[in-house]
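Remarks on the structure that follows.
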Amino acid sequence: MAFEGLSDRLEAAFKRLRSKGSLTESDVKEAMREVRLALLEADVNYKVAKDFTNTVTERAIGAQVMESLTPAQMVIKIVNEELTALMGGTNSRLAYASHPPTIVMMCGLQGSGKTTHCAKIARKLKSEGHRPLLVACDVYRPAAIKQLQVVGGQVDVPVFEMGQGDPVVIAENAVKLAKDHGYDYVFLDTAGRLHIDETLMQELKNIKASIHPHEILLVVDAMTGQDAVTVASSFDEALGIDGIVLTKMDGDTRGGAALSARAVTGKPIKFVGTGEKLDALEYFYPDRMASRILGMGDVLSLIEKAETALDEKKAQELEKKLRKNKFDLNDLLDQLQQVRKMGSMKDLLGMLPGVGSKLKDVDVDEGQFDRIQAIIYSMTPAERSRPDIINPSRKRRIAAGCGLKVEDVNRLLNQHKQMQKMFKQLNSKGARRRFGRGLFG
């Protein structure tokens with residue numbers, strides 16, 4: 001995951017600070033040297049890393065920190081604040097035109113993930129109640145139009161295309177259609193190149209001059225490190241971008257682009273791509289990212305994932321079942337599937353404070369969930385709703401049906417019994433008195 005190496009190095013530096021009862025100026029400067037090296041290894045721009053550590057050092061050697069009862073914690077607090085400021089300070093959302101549609105021009109080099117992220121952002125906006133339209137303005141790359149149509153179909157967002165025509169004319173016609181049919185966002189998937197050239201920039205300038213987009217978003221591949229910052233600077237100078245979309249933040253990228261791009265260009269990061277799937281996109285929150293980097297977790301993002309993935313109606317039905325102690329294997333399967341919509345278990349656990357750094361060398365067996373699902377799918381409807389009827393012969397049949405062992409079936413059934421026992425205890429009168437009726441009605 002992005003920032004894993006940086007998080008480890010920062011944690012080591014802060015651990016040495018915490019081991020000291022009081023801090024001297026030399027202690028702080030030594031720690032900041034470690035921080036600077038960690039930032040440089042994470043591919044952060046040299047000037048950005050230097051300015052960052054100078055600012056933190058200046059704040060950290062003040063009397064308020066040195067005389068504090070917990071000076072190490074005060075230093076970490078300052079680092080957190082400065083990391084947040086470095087990445088923009090506050091979350092920056094897409095503009096929304098007072099007279100729709102809002103025109104968003106997506107640009108970037110070829111291979112950065114531009115077409116896919118047009119669909120990802122459109123999907124997110126659609127889930128928030130908007131009516132987006134995708135526009136195929138890349139008339140050069142083979143199959144670019146078809147790719148946009150495919151991803152548009154997968155997120156159920158319409159695609160406007162006019163074949164291999166003039167991109168400026170295509171954009172103009174798309175905006176006109178959006179106005180006539182009530183689309184409130186128009187995303188222009190423009191052409192990219194393997195490198196920046198005058199022909200590409202001139203075409204983008206022509207589109208900009210013709211339709212006056214409300215937002216120009218640059219899609220950059222975080223895996224390219226410092227090159228991503230160079231690309232962002234070049235596009236901004238030539239075109240005047242309004243924001244950045246960082247892709248492939250789920251890979252083994254060192255994360256330097258996220259920390260450098262805002263500082264170098266002055267333009268906010270608005271979205272980060274966190275996977276290949278079309279729902280793997282997050283709004284960029286500088287404060288939450290800073291907390292993740294420092295191993296403080298990101299509970300707010302975890303809650304938002306849960307709110308998006310979990311079905312409120314099903315949750316209410318489950319609550320009623322739990323009150324009656326009727327939690328069966330159908331319910332277990334349903335809850336498992338909803339949790340898996342939120343992402344990998346390792347990523348979710350990494351959002352909990354103090355857990356992320358401990359997971360580095362832990363192999364979370366995602367396949368275990370597949371095995372549980374396979375076992376339940378091999379059962380009859382009666383067995384799922386009444387696990388107590390599953391006798392040894394049924395267990396052998398279930399195990400054979402899912403390609404696992406009887407021991408695996410027994411393990412799942414025992415886990416289910418333990419869960420039922422726990423829910424029964426929580427639902428008891430004693431638990432109601434201890435925890436209050438708010439939890440149990």
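The way I read the labels, and the way they are meant: chains A, B, ... in the order of the structure tokens, residue 1 as the first residue of every chain, and ligand 1 as the first ligand shown, with later ones counted on from there.
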**Asked** Hey, what's within 7 Å of segment 12-27 of chain A if we count only C-alpha atoms and toss same-chain stuff fewer than 6 positions away? As a ChimeraX atom specification, please?
**Response** /A:34,61,66,71-72
Residue selection dump (all heavy atoms) as a PDB file, in the first residue's frame:
```
ATOM      1  N   GLU A  34      15.646  12.319  10.350  1.00  0.00           N
ATOM      2  CA  GLU A  34      15.051  11.020  10.011  1.00  0.00           C
ATOM      3  C   GLU A  34      13.777  11.209   9.185  1.00  0.00           C
ATOM      4  O   GLU A  34      13.527  10.479   8.228  1.00  0.00           O
ATOM      5  CB  GLU A  34      14.719  10.248  11.291  1.00  0.00           C
ATOM      6  CG  GLU A  34      15.921   9.708  12.031  1.00  0.00           C
ATOM      7  CD  GLU A  34      16.617   8.608  11.226  1.00  0.00           C
ATOM      8  OE1 GLU A  34      15.931   7.736  10.670  1.00  0.00           O
ATOM      9  OE2 GLU A  34      17.864   8.654  11.149  1.00  0.00           O
ATOM     10  N   ILE A  61      10.706  23.373  18.353  1.00  0.00           N
ATOM     11  CA  ILE A  61      11.711  23.782  19.355  1.00  0.00           C
ATOM     12  C   ILE A  61      11.229  25.000  20.149  1.00  0.00           C
ATOM     13  O   ILE A  61      11.990  25.600  20.895  1.00  0.00           O
ATOM     14  CB  ILE A  61      13.083  24.079  18.711  1.00  0.00           C
ATOM     15  CG1 ILE A  61      12.972  25.204  17.669  1.00  0.00           C
ATOM     16  CG2 ILE A  61      13.666  22.828  18.093  1.00  0.00           C
ATOM     17  CD1 ILE A  61      14.316  25.591  17.060  1.00  0.00           C
ATOM     18  N   MET A  66       8.753  22.211  24.238  1.00  0.00           N
ATOM     19  CA  MET A  66       9.841  21.721  25.085  1.00  0.00           C
ATOM     20  C   MET A  66       9.422  21.599  26.550  1.00  0.00           C
ATOM     21  O   MET A  66       9.876  20.721  27.266  1.00  0.00           O
ATOM     22  CB  MET A  66      11.052  22.655  24.976  1.00  0.00           C
ATOM     23  CG  MET A  66      11.684  22.656  23.591  1.00  0.00           C
ATOM     24  SD  MET A  66      12.102  21.004  23.029  1.00  0.00           S
ATOM     25  CE  MET A  66      13.226  21.368  21.713  1.00  0.00           C
ATOM     26  N   PRO A  71       6.163  16.142  25.431  1.00  0.00           N
ATOM     27  CA  PRO A  71       6.770  16.820  24.282  1.00  0.00           C
ATOM     28  C   PRO A  71       6.764  15.986  23.005  1.00  0.00           C
ATOM     29  O   PRO A  71       6.567  16.526  21.913  1.00  0.00           O
ATOM     30  CB  PRO A  71       8.205  17.109  24.756  1.00  0.00           C
ATOM     31  CG  PRO A  71       8.446  16.165  25.890  1.00  0.00           C
ATOM     32  CD  PRO A  71       7.124  15.980  26.543  1.00  0.00           C
ATOM     33  N   ALA A  72       6.969  14.660  23.116  1.00  0.00           N
ATOM     34  CA  ALA A  72       6.977  13.823  21.917  1.00  0.00           C
ATOM     35  C   ALA A  72       5.620  13.853  21.225  1.00  0.00           C
ATOM     36  O   ALA A  72       5.533  13.940  19.994  1.00  0.00           O
ATOM     37  CB  ALA A  72       7.354  12.385  22.286  1.00  0.00           C
TER      38      ALA A  72
END
```
**Message:** Applying 6 Å and only C-alpha atoms, which residues near segment 154-170 of chain A remain after dropping the ones on its own chain fewer than 4 positions away? List them as a VMD selection string.
**Reply:** chain A and resid 123 133 to 137 139 149 207
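Nearest residue to Leu333 of chain A, choosing from A:Ala178, A:Leu294, A:Met379, A:Val56 and counting only C-alpha atoms: A:Met379.
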**Two-atom distance - atom CA of Asp221 of chain A, atom CA of Leu109 of chain A (Å)** =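 Straight-line distance from atom CA of Asp221 of chain A to atom CA of Leu109 of chain A works out to 8.9 Å.
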